[in-house]
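To start, the structure itself, in structure tokens.
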Amino acid sequence: MIKILILGPTGSMGTLISQHAFDDEDIDIVAALDIMNVGDELGVLVGKKDPNHVKIRNITEIKEVIDETKPEVAVDFTLAEASEKNCMICVENNIRCVIGTTGLSNSFIEEFEKKVKEYNAPAVISSNMATGVNIFFKMASVLTEYLKDWDIEIIESHHIRKRDNYSGTSLTIAKTICDTLGVEMDDVVKYGRPKGPALRKKGAKNEIGIHCIRAGDIVGDHIILYAGSGERIEFKHQAHSRNCFASGAIIAIKFIADARENKIYNTREVLNL
Ligand SMILES: NC(=O)c1ccc[n+]([C@@H]2O[C@H](COP(=O)([O-])OP(=O)(O)OC[C@H]3O[C@@H](n4cnc5c(N)ncnc54)[C@H](O)[C@@H]3O)[C@@H](O)[C@H]2O)c1
């Protein structure tokens, strides 16, 4: 059994991951840390009839909880500032991390990567753990390869509670397209377009727009619009339940528990795509 620590177990993703983990015979939840629902029994909170009696402890007790429960893998879907602090503590205690939180800074990822090597604790960091989305990334590079000279735009839509613009997934799509075209994101990506006269530069090698919609309870939609002369292709992924992310997180937990190389993996590597 893989002993896991859940960071942020009472959030939308944390609750689902807890439910999936309770149902998985290869996973044993040994600890759960949050700033909410401290003292509550996790199994009861997430609606399990047979809870394992793990109580949610305050994140301020992270060090003591790690020492007491000795988790092998920590799974974190919280807030960028919280993840950056807590996952650093986990890796420094040789715990392998699965980080789904989006909006992490580049400086954190650079520092974290050094710790992964120093403490022999490989990790998964992925802005989107859904299997379909990762196949979508793969297909985006295939389409881009064929449609190099067309205009490419990315449109992402999410619920109004989402804290980061633009979505981590839309940035991964942009990076995938840029890598395929051999251009740098900073040189070509335009985040929305301001009001006023302006002409779009022709062709994705010169400009790629990313547009962001926040409305209602949309779980997560991403469209890549390829527009040529007299025709267009809209390539679309829609998540209609967070279950796709939670089951991806469970796959990542099992993968990282056995991973040999001390590096940061992404979901495409986890899924061997
Ligand atoms: N990688 C993916 O596949 C994927 C999928 C969905 C969401 N996400 C990302 O996961 C993150 C969480 O999303 P959500 O919808 O569950 O958010 P949420 O707001 O519902 O949950 C966040 C949780 O973090 C907890 N938290 C806040 N500060 C904390 C701290 N200092 N220490 C410990 N816990 C703390 C909150 O109490 C809450 O339980 C976001 O960054 C979101 O973009 C990633």
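Chains: A, B, ... in order of the structure tokens. Residues: from 1 per chain. Ligands: from 1, in order shown.
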Step by step, measure atom-to-atom distances between ligand 1 and each residue using only C-alpha atoms and all ligand atoms, keep those at most 7 Å, then write them as a ChimeraX atom specification. /A:7-14,33-36,59,77-80,82,100-103,126-130,162,242,245
With C-alpha atoms kept, could you save the residues just selected as a PDB file, in the first residue's frame?
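See result01.pdb below for the written result:
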ATOM      1  CA  LEU A   7      -2.836  18.546   1.181  1.00  0.00           C
ATOM      2  CA  GLY A   8      -6.074  20.540   0.856  1.00  0.00           C
ATOM      3  CA  PRO A   9      -8.455  17.553   1.339  1.00  0.00           C
ATOM      4  CA  THR A  10     -11.539  19.702   1.855  1.00  0.00           C
ATOM      5  CA  GLY A  11     -11.364  21.609  -1.457  1.00  0.00           C
ATOM      6  CA  SER A  12     -13.222  20.566  -4.632  1.00  0.00           C
ATOM      7  CA  MET A  13     -10.292  18.504  -5.909  1.00  0.00           C
ATOM      8  CA  GLY A  14      -9.072  17.381  -2.479  1.00  0.00           C
ATOM      9  CA  LEU A  33      -3.650  18.759   6.176  1.00  0.00           C
ATOM     10  CA  ASP A  34      -5.725  21.859   5.490  1.00  0.00           C
ATOM     11  CA  ILE A  35      -6.642  25.240   6.947  1.00  0.00           C
ATOM     12  CA  MET A  36     -10.359  24.321   6.914  1.00  0.00           C
ATOM     13  CA  ILE A  59      -1.227  22.771   7.955  1.00  0.00           C
ATOM     14  CA  PHE A  77      -4.317  20.603  -5.004  1.00  0.00           C
ATOM     15  CA  THR A  78      -4.433  23.871  -3.028  1.00  0.00           C
ATOM     16  CA  LEU A  79      -3.239  27.419  -3.792  1.00  0.00           C
ATOM     17  CA  ALA A  80       0.051  28.297  -5.477  1.00  0.00           C
ATOM     18  CA  ALA A  82       0.496  27.212  -0.145  1.00  0.00           C
ATOM     19  CA  GLY A 100      -1.831  19.627  -9.406  1.00  0.00           C
ATOM     20  CA  THR A 101      -2.051  23.201  -8.138  1.00  0.00           C
ATOM     21  CA  THR A 102      -1.779  25.726 -10.964  1.00  0.00           C
ATOM     22  CA  GLY A 103      -0.126  29.149 -11.065  1.00  0.00           C
ATOM     23  CA  SER A 126       0.939  18.837 -14.012  1.00  0.00           C
ATOM     24  CA  SER A 127      -1.526  21.626 -14.695  1.00  0.00           C
ATOM     25  CA  ASN A 128      -4.008  19.071 -15.989  1.00  0.00           C
ATOM     26  CA  MET A 129      -4.025  15.411 -14.979  1.00  0.00           C
ATOM     27  CA  ALA A 130      -6.948  14.336 -17.168  1.00  0.00           C
ATOM     28  CA  LYS A 162     -10.900  30.089 -10.657  1.00  0.00           C
ATOM     29  CA  ARG A 242     -13.600  16.940 -11.975  1.00  0.00           C
ATOM     30  CA  PHE A 245      -8.549  15.131 -12.819  1.00  0.00           C
TER      31      PHE A 245
END
I need the residues in range 10-113 of chain A that are strand (DSSP E) according to DSSP; give them as a ChimeraX atom specification. /A:27-34,56-58,73-76,96-99
Practice task
Could you pull out the residues in range 44-154 of chain A that DSSP calls alpha helix (DSSP H) from the backbone, as a ChimeraX atom specification?
Solution key: /A:44-45,62-69,80-92,106-118,131-146
Using only C-alpha atoms, determine which residues lie at most 10 Å from range 65-70 of chain A, disregarding the query and same-chain residues fewer than 6 positions distant; provide the list as a ChimeraX atom specification. /A:3-5,29-33,57-59,89-90,93-95
Selected residues, N, CA and C atoms, written as a PDB file, in the first residue's frame, please.
ATOM      1  N   LYS A   3       1.516   4.887   1.132  1.00  0.00           N
ATOM      2  CA  LYS A   3       1.031   5.756   2.214  1.00  0.00           C
ATOM      3  C   LYS A   3       1.012   7.204   1.714  1.00  0.00           C
ATOM      4  N   ILE A   4      -0.171   7.820   1.713  1.00  0.00           N
ATOM      5  CA  ILE A   4      -0.225   9.181   1.163  1.00  0.00           C
ATOM      6  C   ILE A   4      -0.687  10.231   2.187  1.00  0.00           C
ATOM      7  N   LEU A   5      -0.188  11.458   1.927  1.00  0.00           N
ATOM      8  CA  LEU A   5      -0.614  12.656   2.655  1.00  0.00           C
ATOM      9  C   LEU A   5      -1.413  13.502   1.667  1.00  0.00           C
ATOM     10  N   ILE A  29      -4.501   6.358   2.987  1.00  0.00           N
ATOM     11  CA  ILE A  29      -4.392   7.774   3.394  1.00  0.00           C
ATOM     12  C   ILE A  29      -3.924   7.781   4.850  1.00  0.00           C
ATOM     13  N   VAL A  30      -2.713   8.308   5.083  1.00  0.00           N
ATOM     14  CA  VAL A  30      -2.215   8.306   6.468  1.00  0.00           C
ATOM     15  C   VAL A  30      -2.330   9.686   7.112  1.00  0.00           C
ATOM     16  N   ALA A  31      -2.493  10.737   6.279  1.00  0.00           N
ATOM     17  CA  ALA A  31      -2.574  12.076   6.856  1.00  0.00           C
ATOM     18  C   ALA A  31      -3.261  13.030   5.895  1.00  0.00           C
ATOM     19  N   ALA A  32      -3.875  14.076   6.466  1.00  0.00           N
ATOM     20  CA  ALA A  32      -4.556  15.088   5.662  1.00  0.00           C
ATOM     21  C   ALA A  32      -4.373  16.434   6.350  1.00  0.00           C
ATOM     22  N   LEU A  33      -3.936  17.442   5.583  1.00  0.00           N
ATOM     23  CA  LEU A  33      -3.650  18.759   6.176  1.00  0.00           C
ATOM     24  C   LEU A  33      -4.376  19.847   5.407  1.00  0.00           C
ATOM     25  N   ARG A  57      -5.629  17.601  10.040  1.00  0.00           N
ATOM     26  CA  ARG A  57      -4.810  18.391  10.963  1.00  0.00           C
ATOM     27  C   ARG A  57      -4.494  19.738  10.318  1.00  0.00           C
ATOM     28  N   ASN A  58      -4.093  20.700  11.169  1.00  0.00           N
ATOM     29  CA  ASN A  58      -3.790  22.044  10.671  1.00  0.00           C
ATOM     30  C   ASN A  58      -2.461  22.034   9.908  1.00  0.00           C
ATOM     31  N   ILE A  59      -2.430  22.749   8.792  1.00  0.00           N
ATOM     32  CA  ILE A  59      -1.227  22.771   7.955  1.00  0.00           C
ATOM     33  C   ILE A  59      -0.007  23.266   8.744  1.00  0.00           C
ATOM     34  N   ILE A  89       8.557  21.599   1.867  1.00  0.00           N
ATOM     35  CA  ILE A  89       8.781  20.878   3.137  1.00  0.00           C
ATOM     36  C   ILE A  89       8.692  19.364   2.874  1.00  0.00           C
ATOM     37  N   CYS A  90       7.726  18.955   2.057  1.00  0.00           N
ATOM     38  CA  CYS A  90       7.570  17.512   1.774  1.00  0.00           C
ATOM     39  C   CYS A  90       8.820  16.956   1.104  1.00  0.00           C
ATOM     40  N   ASN A  93      11.710  16.295   3.113  1.00  0.00           N
ATOM     41  CA  ASN A  93      11.538  15.119   3.982  1.00  0.00           C
ATOM     42  C   ASN A  93      11.444  13.843   3.159  1.00  0.00           C
ATOM     43  N   ASN A  94      12.003  13.894   1.944  1.00  0.00           N
ATOM     44  CA  ASN A  94      12.077  12.739   1.031  1.00  0.00           C
ATOM     45  C   ASN A  94      10.716  12.216   0.594  1.00  0.00           C
ATOM     46  N   ILE A  95       9.709  13.056   0.655  1.00  0.00           N
ATOM     47  CA  ILE A  95       8.367  12.624   0.225  1.00  0.00           C
ATOM     48  C   ILE A  95       8.207  12.972  -1.260  1.00  0.00           C
TER      49      ILE A  95
END
Check your understanding: Can you tell me, as a PyMOL selection string, what residues are no more than 10 Å from Cys178 in chain A when counting only C-alpha atoms, ignoring any on the same chain fewer than 4 positions away?
Key -> chain A and resi 141+144+172-174+182-189+204-205+208
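Among the candidates A:His159, A:Arg200, A:Asn272, A:Lys195, the residue lying nearest to Ala239 in chain A is A:His159 (atoms considered: only C-alpha atoms).
Counting from CA of Asn243 in chain A, the distance to CA of Thr131 in chain A is 10.9 Å.
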One residue among A:Asp258, A:Ser241, A:Asp151, A:Ile251 is nearest to Leu225 in chain A when using only C-alpha atoms, and that residue is A:Asp151
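When CA of Glu269 in chain A is paired with CA of Ile253 in chain A, their separation reads 13.1 Å.
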Counting only C-alpha atoms, closest pick from A:Ile177, A:Ile250, A:Val44, A:Val73 relative to Phe136 in chain A is A:Ile177
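You can rank A:Lys114, A:Lys175, A:Lys201, A:His158 by their closest distance to Asp221 in chain A using only C-alpha atoms, and at the top of that list sits A:His158.
Closest approach to Ile264 in chain A from the set A:Asp26, A:Asn120, A:His53, A:Leu16 is made by A:Asn120, with distances taken over only C-alpha atoms.
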